[in-house]
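Inspection log for the structure reproduced underneath, given as structure tokens.
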Amino acid sequence: MQVAEQTLHANGLAHHVVTWTPELPKATLLLAHGFLDLAWSWKPVAERLASEGYRCVAWDWRGHGETEHVGAGGYYHFPDYVLDLAELFPQVAEGTTHLLGHSMGGTVSTMFAALRGEALSSLTLVEGIGPPPWPFERTAEKFEAWLDGMAKLRAKEERPMADLDAAVSRMRVQNPRLDDEFGRFLADKSTRPTEGGLVWRFDRRHRTTSPMPFRTELFSEFLRRVPVPVLYVAGEKGFRLPDEDARLALVPTSVKTHEIAGAGHMLHREEPEALCRAWLEFVG
């Protein structure tokens, strides 16, 4: 297996891409990470599936990891991510191509599959069928929270973390089962040195609340257009939606669901072997 990093341009931004290539690839699996995550987070999954002959490709979304941030005055919205993937896709897809997305990456992957599904053989969503809905009548509140958040962000300098151990501790707030060795690896990939310590590589604007409310009705129209078989994987203790079943029921193709016992939201870090087994059974 070969592991290679490269920079590919899509939608005007330089994207950091990591590829795990087995000696005799039989298909390609594209791995889309979630919010405040990065491509290297897929390392355990990619290594396992590459050993089964799958060429695995992961990238840092805009404003994450080593991919460029948007320019001054810009922000981050789902249509931007969809266009990024649409322009990355022909550069990374080879032969039979599957798409797997976690959380935010799953939401983007669903939208992409609905629009360009003819290029895919399957879609796997790891707790990635959209965020909770936001009441339409509270739209102005969301905009107000965004304005306040951006003002607060610009008025306050980021406080560095002392070292990698401090970064791992921060990561464990959302991922308590993260082990020491992989945690330090991810902390190293997720941070950059600055005066006084380390800061996260992701764009600080991600720390603010998006002004655009998520509308289930709009996302439903994407679910209704997915043309390929779907695997939905969730953790027993993960980020589950009250309307999870209703959203999945909108997909017109076959949908297989799989729950991993005891796992939280970061399934690809906590239970990579279980996730890989579920995916191999689904495609095989």
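Each chain in the structure tokens gets a letter, A, B and so on, in the order shown; residues start at 1 in every chain, and ligands are counted from 1 in the order they appear.
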
Give me the range 181-256 of chain A side of the contact with range 100-115 of chain A, cut-off 12 Å, one line per residue showing its nearest atom pair and distance in Å at one decimal, counting only C-alpha atoms, sorted by chain and residue number, as JSON lines.
{"residue": "A:Phe214", "atom": "CA", "partner": "A:Thr107", "partner_atom": "CA", "distance": 11.1}
{"residue": "A:Thr216", "atom": "CA", "partner": "A:Thr107", "partner_atom": "CA", "distance": 11.5}
{"residue": "A:Leu218", "atom": "CA", "partner": "A:Met111", "partner_atom": "CA", "distance": 10.5}
{"residue": "A:Phe219", "atom": "CA", "partner": "A:Met111", "partner_atom": "CA", "distance": 7.9}
{"residue": "A:Ser220", "atom": "CA", "partner": "A:Met111", "partner_atom": "CA", "distance": 9.9}
{"residue": "A:Glu221", "atom": "CA", "partner": "A:Ala114", "partner_atom": "CA", "distance": 8.7}
{"residue": "A:Phe222", "atom": "CA", "partner": "A:Ala114", "partner_atom": "CA", "distance": 5.4}
{"residue": "A:Leu223", "atom": "CA", "partner": "A:Thr110", "partner_atom": "CA", "distance": 6.8}
{"residue": "A:Arg224", "atom": "CA", "partner": "A:Ala114", "partner_atom": "CA", "distance": 7.7}
{"residue": "A:Arg225", "atom": "CA", "partner": "A:Ala114", "partner_atom": "CA", "distance": 4.8}
{"residue": "A:Val226", "atom": "CA", "partner": "A:Ala114", "partner_atom": "CA", "distance": 4.4}
{"residue": "A:Pro227", "atom": "CA", "partner": "A:Ala114", "partner_atom": "CA", "distance": 6.9}
{"residue": "A:Val228", "atom": "CA", "partner": "A:Ala113", "partner_atom": "CA", "distance": 8.0}
{"residue": "A:Pro229", "atom": "CA", "partner": "A:Ala113", "partner_atom": "CA", "distance": 10.6}
{"residue": "A:Val230", "atom": "CA", "partner": "A:Leu100", "partner_atom": "CA", "distance": 9.7}
{"residue": "A:Leu231", "atom": "CA", "partner": "A:Leu100", "partner_atom": "CA", "distance": 9.0}
{"residue": "A:Tyr232", "atom": "CA", "partner": "A:Leu100", "partner_atom": "CA", "distance": 9.8}
{"residue": "A:Val233", "atom": "CA", "partner": "A:His102", "partner_atom": "CA", "distance": 9.3}
{"residue": "A:Ala234", "atom": "CA", "partner": "A:His102", "partner_atom": "CA", "distance": 9.9}
{"residue": "A:Gly235", "atom": "CA", "partner": "A:His102", "partner_atom": "CA", "distance": 11.7}
{"residue": "A:Gly238", "atom": "CA", "partner": "A:Ser103", "partner_atom": "CA", "distance": 10.5}
{"residue": "A:Phe239", "atom": "CA", "partner": "A:Ser103", "partner_atom": "CA", "distance": 8.8}
{"residue": "A:Arg240", "atom": "CA", "partner": "A:Ser103", "partner_atom": "CA", "distance": 10.6}
{"residue": "A:Leu241", "atom": "CA", "partner": "A:Ser103", "partner_atom": "CA", "distance": 11.7}
{"residue": "A:Arg247", "atom": "CA", "partner": "A:Thr110", "partner_atom": "CA", "distance": 11.6}
{"residue": "A:Leu248", "atom": "CA", "partner": "A:Thr110", "partner_atom": "CA", "distance": 11.1}
{"residue": "A:Val251", "atom": "CA", "partner": "A:Ala114", "partner_atom": "CA", "distance": 9.9}
{"residue": "A:Pro252", "atom": "CA", "partner": "A:Ala114", "partner_atom": "CA", "distance": 10.9}
{"residue": "A:Thr253", "atom": "CA", "partner": "A:Ala114", "partner_atom": "CA", "distance": 11.6}

**Request:** Find, counting only C-alpha atoms, the residue in A:Val3, A:Ala86, A:Leu280, A:Leu267 that gets nearest to Glu236 in chain A.
**Result:**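 For Glu236 in chain A, the nearest of the candidates is A:Leu267.
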
Counting only C-alpha atoms, what is within 8 Å of range 38-54 of chain A, bar same-chain residues fewer than 2 positions away, as a compact mmCIF listing (two decimals) with N, CA and C atoms, in the first residue's frame?
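That gives us selection05.txt:
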# COMPACT_ATOMS: atom_id res chain seq x y z
N MET A 1 0.83 -1.20 0.00
CA MET A 1 0.00 0.00 0.00
C MET A 1 0.87 1.25 0.00
N VAL A 17 -5.23 16.56 -0.20
CA VAL A 17 -5.82 15.25 -0.49
C VAL A 17 -4.85 14.15 -0.07
N VAL A 18 -5.37 13.13 0.60
CA VAL A 18 -4.57 11.96 1.00
C VAL A 18 -5.14 10.72 0.32
N TRP A 20 -4.72 6.44 -0.18
CA TRP A 20 -4.16 5.14 0.21
C TRP A 20 -4.41 4.20 -0.97
N THR A 21 -3.36 3.74 -1.64
CA THR A 21 -3.50 2.94 -2.84
C THR A 21 -2.93 1.53 -2.64
N PRO A 22 -3.76 0.49 -2.75
CA PRO A 22 -3.26 -0.88 -2.65
C PRO A 22 -2.55 -1.27 -3.94
N GLU A 23 -1.87 -2.38 -3.90
CA GLU A 23 -1.09 -2.81 -5.06
C GLU A 23 -1.98 -3.05 -6.28
N LEU A 24 -3.14 -3.66 -6.08
CA LEU A 24 -4.06 -3.95 -7.19
C LEU A 24 -5.45 -3.42 -6.82
N PRO A 25 -5.70 -2.14 -7.04
CA PRO A 25 -7.00 -1.55 -6.66
C PRO A 25 -8.15 -2.16 -7.46
N LYS A 26 -9.24 -2.47 -6.74
CA LYS A 26 -10.41 -3.00 -7.44
C LYS A 26 -11.56 -1.99 -7.49
N ALA A 27 -11.47 -0.93 -6.72
CA ALA A 27 -12.47 0.14 -6.74
C ALA A 27 -11.93 1.30 -5.91
N THR A 28 -12.61 2.44 -6.01
CA THR A 28 -12.22 3.64 -5.25
C THR A 28 -13.30 3.98 -4.24
N LEU A 29 -12.88 4.36 -3.04
CA LEU A 29 -13.79 4.84 -2.01
C LEU A 29 -13.38 6.25 -1.62
N LEU A 31 -13.75 9.40 0.87
CA LEU A 31 -14.07 9.55 2.29
C LEU A 31 -14.20 11.03 2.64
N ALA A 32 -15.40 11.46 2.99
CA ALA A 32 -15.68 12.87 3.28
C ALA A 32 -15.85 13.07 4.78
N HIS A 33 -14.92 13.79 5.39
CA HIS A 33 -14.97 13.99 6.85
C HIS A 33 -16.05 14.99 7.26
N GLY A 34 -16.26 15.08 8.56
CA GLY A 34 -17.28 15.96 9.10
C GLY A 34 -16.73 17.29 9.59
N LEU A 36 -15.17 20.24 11.55
CA LEU A 36 -13.98 20.40 12.38
C LEU A 36 -13.13 19.13 12.46
N CYS A 56 -8.47 4.30 -1.34
CA CYS A 56 -9.21 5.24 -0.50
C CYS A 56 -8.66 6.65 -0.66
N VAL A 57 -9.54 7.60 -0.84
CA VAL A 57 -9.16 8.99 -1.04
C VAL A 57 -9.93 9.87 -0.07
N ALA A 58 -9.20 10.66 0.72
CA ALA A 58 -9.82 11.60 1.66
C ALA A 58 -9.22 12.98 1.43
N TRP A 59 -9.98 13.99 1.73
CA TRP A 59 -9.51 15.37 1.54
C TRP A 59 -9.98 16.22 2.71
N ASP A 60 -9.29 17.34 2.91
CA ASP A 60 -9.72 18.33 3.88
C ASP A 60 -10.71 19.27 3.19
N TRP A 61 -11.90 19.41 3.75
CA TRP A 61 -12.84 20.39 3.21
C TRP A 61 -12.27 21.80 3.34
N HIS A 64 -10.62 23.57 6.52
CA HIS A 64 -10.26 22.50 7.45
C HIS A 64 -8.87 21.98 7.12
N GLY A 65 -8.19 21.44 8.13
CA GLY A 65 -6.89 20.81 7.89
C GLY A 65 -5.94 21.72 7.12
N LEU A 186 -3.53 12.75 15.39
CA LEU A 186 -4.51 13.70 14.87
C LEU A 186 -4.26 15.12 15.38
N LYS A 189 -1.61 16.64 13.27
CA LYS A 189 -2.09 16.99 11.93
C LYS A 189 -3.10 18.14 11.97
N SER A 190 -3.76 18.31 13.09
CA SER A 190 -4.85 19.29 13.20
C SER A 190 -4.41 20.66 13.67
N HIS A 268 -15.71 6.54 12.99
CA HIS A 268 -14.52 6.18 12.21
C HIS A 268 -13.25 6.22 13.06
N ARG A 269 -13.29 6.94 14.17
CA ARG A 269 -12.15 6.96 15.10
C ARG A 269 -12.30 5.91 16.19
N PRO A 272 -13.31 1.82 13.99
CA PRO A 272 -13.03 1.70 12.56
C PRO A 272 -13.22 0.28 12.02
N GLU A 273 -12.87 -0.72 12.80
CA GLU A 273 -13.02 -2.10 12.33
C GLU A 273 -14.49 -2.45 12.12
N LEU A 275 -16.94 -0.37 11.55
CA LEU A 275 -17.42 0.41 10.41
C LEU A 275 -16.98 -0.25 9.10
N CYS A 276 -15.74 -0.69 9.03
CA CYS A 276 -15.24 -1.33 7.82
C CYS A 276 -15.96 -2.63 7.53

**Request:** Show which residues sit within 9 Å of Arg159 in chain A, as a list in words. Count only C-alpha atoms, and ignore same-chain residues fewer than 3 positions away.
**Result:**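 Final neighbour list, sorted by chain and number: Lys156, Gly196, Gly197, Leu198 and Val199 of chain A.
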
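With distances restricted to only C-alpha atoms, A:Pro160 is the closest residue to Trp200 in chain A from A:Pro160, A:Gly74, A:Gly130, A:Gly12.
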
**Request:** May I have the residues within 9 Å of Asp80 in chain A as a list in words, using only C-alpha atoms and disregarding those fewer than 4 positions away in the same chain?
**Result:**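 With the cut-off at 9 Å, the set is Asn11, Arg62, Tyr76, Asp84 and Leu85 of chain A.
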
Can you write out the residues you just picked, keeping N, CA and C atoms, as a PDB file, in the first residue's frame?
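The result, stored in again10.pdb:
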ATOM      1  N   ASN A  11     -12.849  24.648  -7.227  1.00  0.00           N
ATOM      2  CA  ASN A  11     -13.661  25.802  -6.835  1.00  0.00           C
ATOM      3  C   ASN A  11     -12.804  26.968  -6.336  1.00  0.00           C
ATOM      4  N   ARG A  62     -12.806  22.733   2.588  1.00  0.00           N
ATOM      5  CA  ARG A  62     -12.398  24.139   2.679  1.00  0.00           C
ATOM      6  C   ARG A  62     -12.421  24.611   4.139  1.00  0.00           C
ATOM      7  N   TYR A  76     -18.810  30.031   4.993  1.00  0.00           N
ATOM      8  CA  TYR A  76     -18.909  28.634   4.583  1.00  0.00           C
ATOM      9  C   TYR A  76     -20.378  28.187   4.542  1.00  0.00           C
ATOM     10  N   ASP A  84     -17.243  22.203  -4.364  1.00  0.00           N
ATOM     11  CA  ASP A  84     -15.884  21.708  -4.137  1.00  0.00           C
ATOM     12  C   ASP A  84     -15.787  20.234  -4.517  1.00  0.00           C
ATOM     13  N   LEU A  85     -16.733  19.431  -4.028  1.00  0.00           N
ATOM     14  CA  LEU A  85     -16.709  17.998  -4.305  1.00  0.00           C
ATOM     15  C   LEU A  85     -16.937  17.723  -5.794  1.00  0.00           C
TER      16      LEU A  85
END

**Message:** Among range 105-247 of chain A, which ones does DSSP assign to strand (DSSP E or B) (computed from the backbone)? Answer as a VMD selection string.
**Reply:** chain A and resid 122 to 126 161 191 to 194 197 to 200 230 to 235

**Asked** Do you know which residues are at most 9 Å from Leu178 in chain A counting only C-alpha atoms, after dropping those on the same chain fewer than 6 positions away, and could you put them as a ChimeraX atom specification?
**Response** /A:168,171-172,266,269-270

**Message:** Using only C-alpha atoms, which protein or nucleic acid residues come within 12 Å of Met150 in chain A? Drop anything in the same chain fewer than 4 positions from it, and give the result as a ChimeraX atom specification.
**Reply:** /A:73-75,143-146,154-156,204-211

Now that the selection is made, can you save its residues with C-alpha atoms as a PDB file, in the first residue's frame?
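For reference, selection31.pdb as written:
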ATOM      1  CA  GLY A  73     -15.285  38.621   3.860  1.00  0.00           C
ATOM      2  CA  GLY A  74     -16.210  35.051   2.937  1.00  0.00           C
ATOM      3  CA  TYR A  75     -18.046  32.346   4.844  1.00  0.00           C
ATOM      4  CA  PHE A 143     -28.801  35.631  11.708  1.00  0.00           C
ATOM      5  CA  GLU A 144     -28.466  37.639  14.912  1.00  0.00           C
ATOM      6  CA  ALA A 145     -26.412  34.871  16.546  1.00  0.00           C
ATOM      7  CA  TRP A 146     -24.146  34.830  13.483  1.00  0.00           C
ATOM      8  CA  ARG A 154     -12.872  39.409  15.486  1.00  0.00           C
ATOM      9  CA  ALA A 155     -12.553  41.104  18.851  1.00  0.00           C
ATOM     10  CA  LYS A 156     -10.726  38.217  20.510  1.00  0.00           C
ATOM     11  CA  ARG A 204     -11.954  30.153  13.223  1.00  0.00           C
ATOM     12  CA  ARG A 205     -15.086  31.248  11.369  1.00  0.00           C
ATOM     13  CA  HIS A 206     -16.306  27.670  11.781  1.00  0.00           C
ATOM     14  CA  ARG A 207     -16.678  28.460  15.473  1.00  0.00           C
ATOM     15  CA  THR A 208     -19.603  30.767  14.703  1.00  0.00           C
ATOM     16  CA  THR A 209     -23.217  29.801  14.124  1.00  0.00           C
ATOM     17  CA  SER A 210     -24.162  29.682  10.456  1.00  0.00           C
ATOM     18  CA  PRO A 211     -26.780  32.291   9.533  1.00  0.00           C
TER      19      PRO A 211
END

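You can rank A:Tyr81, A:Val173, A:Glu217, A:Arg55 by their closest distance to Trp134 in chain A using only C-alpha atoms, and at the top of that list sits A:Glu217.
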
**Request:** Identify all residues of range 1-237 of chain A in alpha helix (DSSP H) (DSSP on the backbone) and supply them as number ranges by chain.
**Result:** A: 43-50, 78-92, 104-116, 139-155, 164-171, 180-190, 216-223

**Asked** So how many Å separate CA of Arg201 in chain A and CA of Lys237 in chain A, to one decimal?
**Response**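 Result for CA of Arg201 in chain A versus CA of Lys237 in chain A: 28.0 Å, one decimal.
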
**Message:** Just the number, please: distance in Å from CA of Gly128 in chain A to CA of His98 in chain A, one decimal.
**Reply:** 15.4 Å
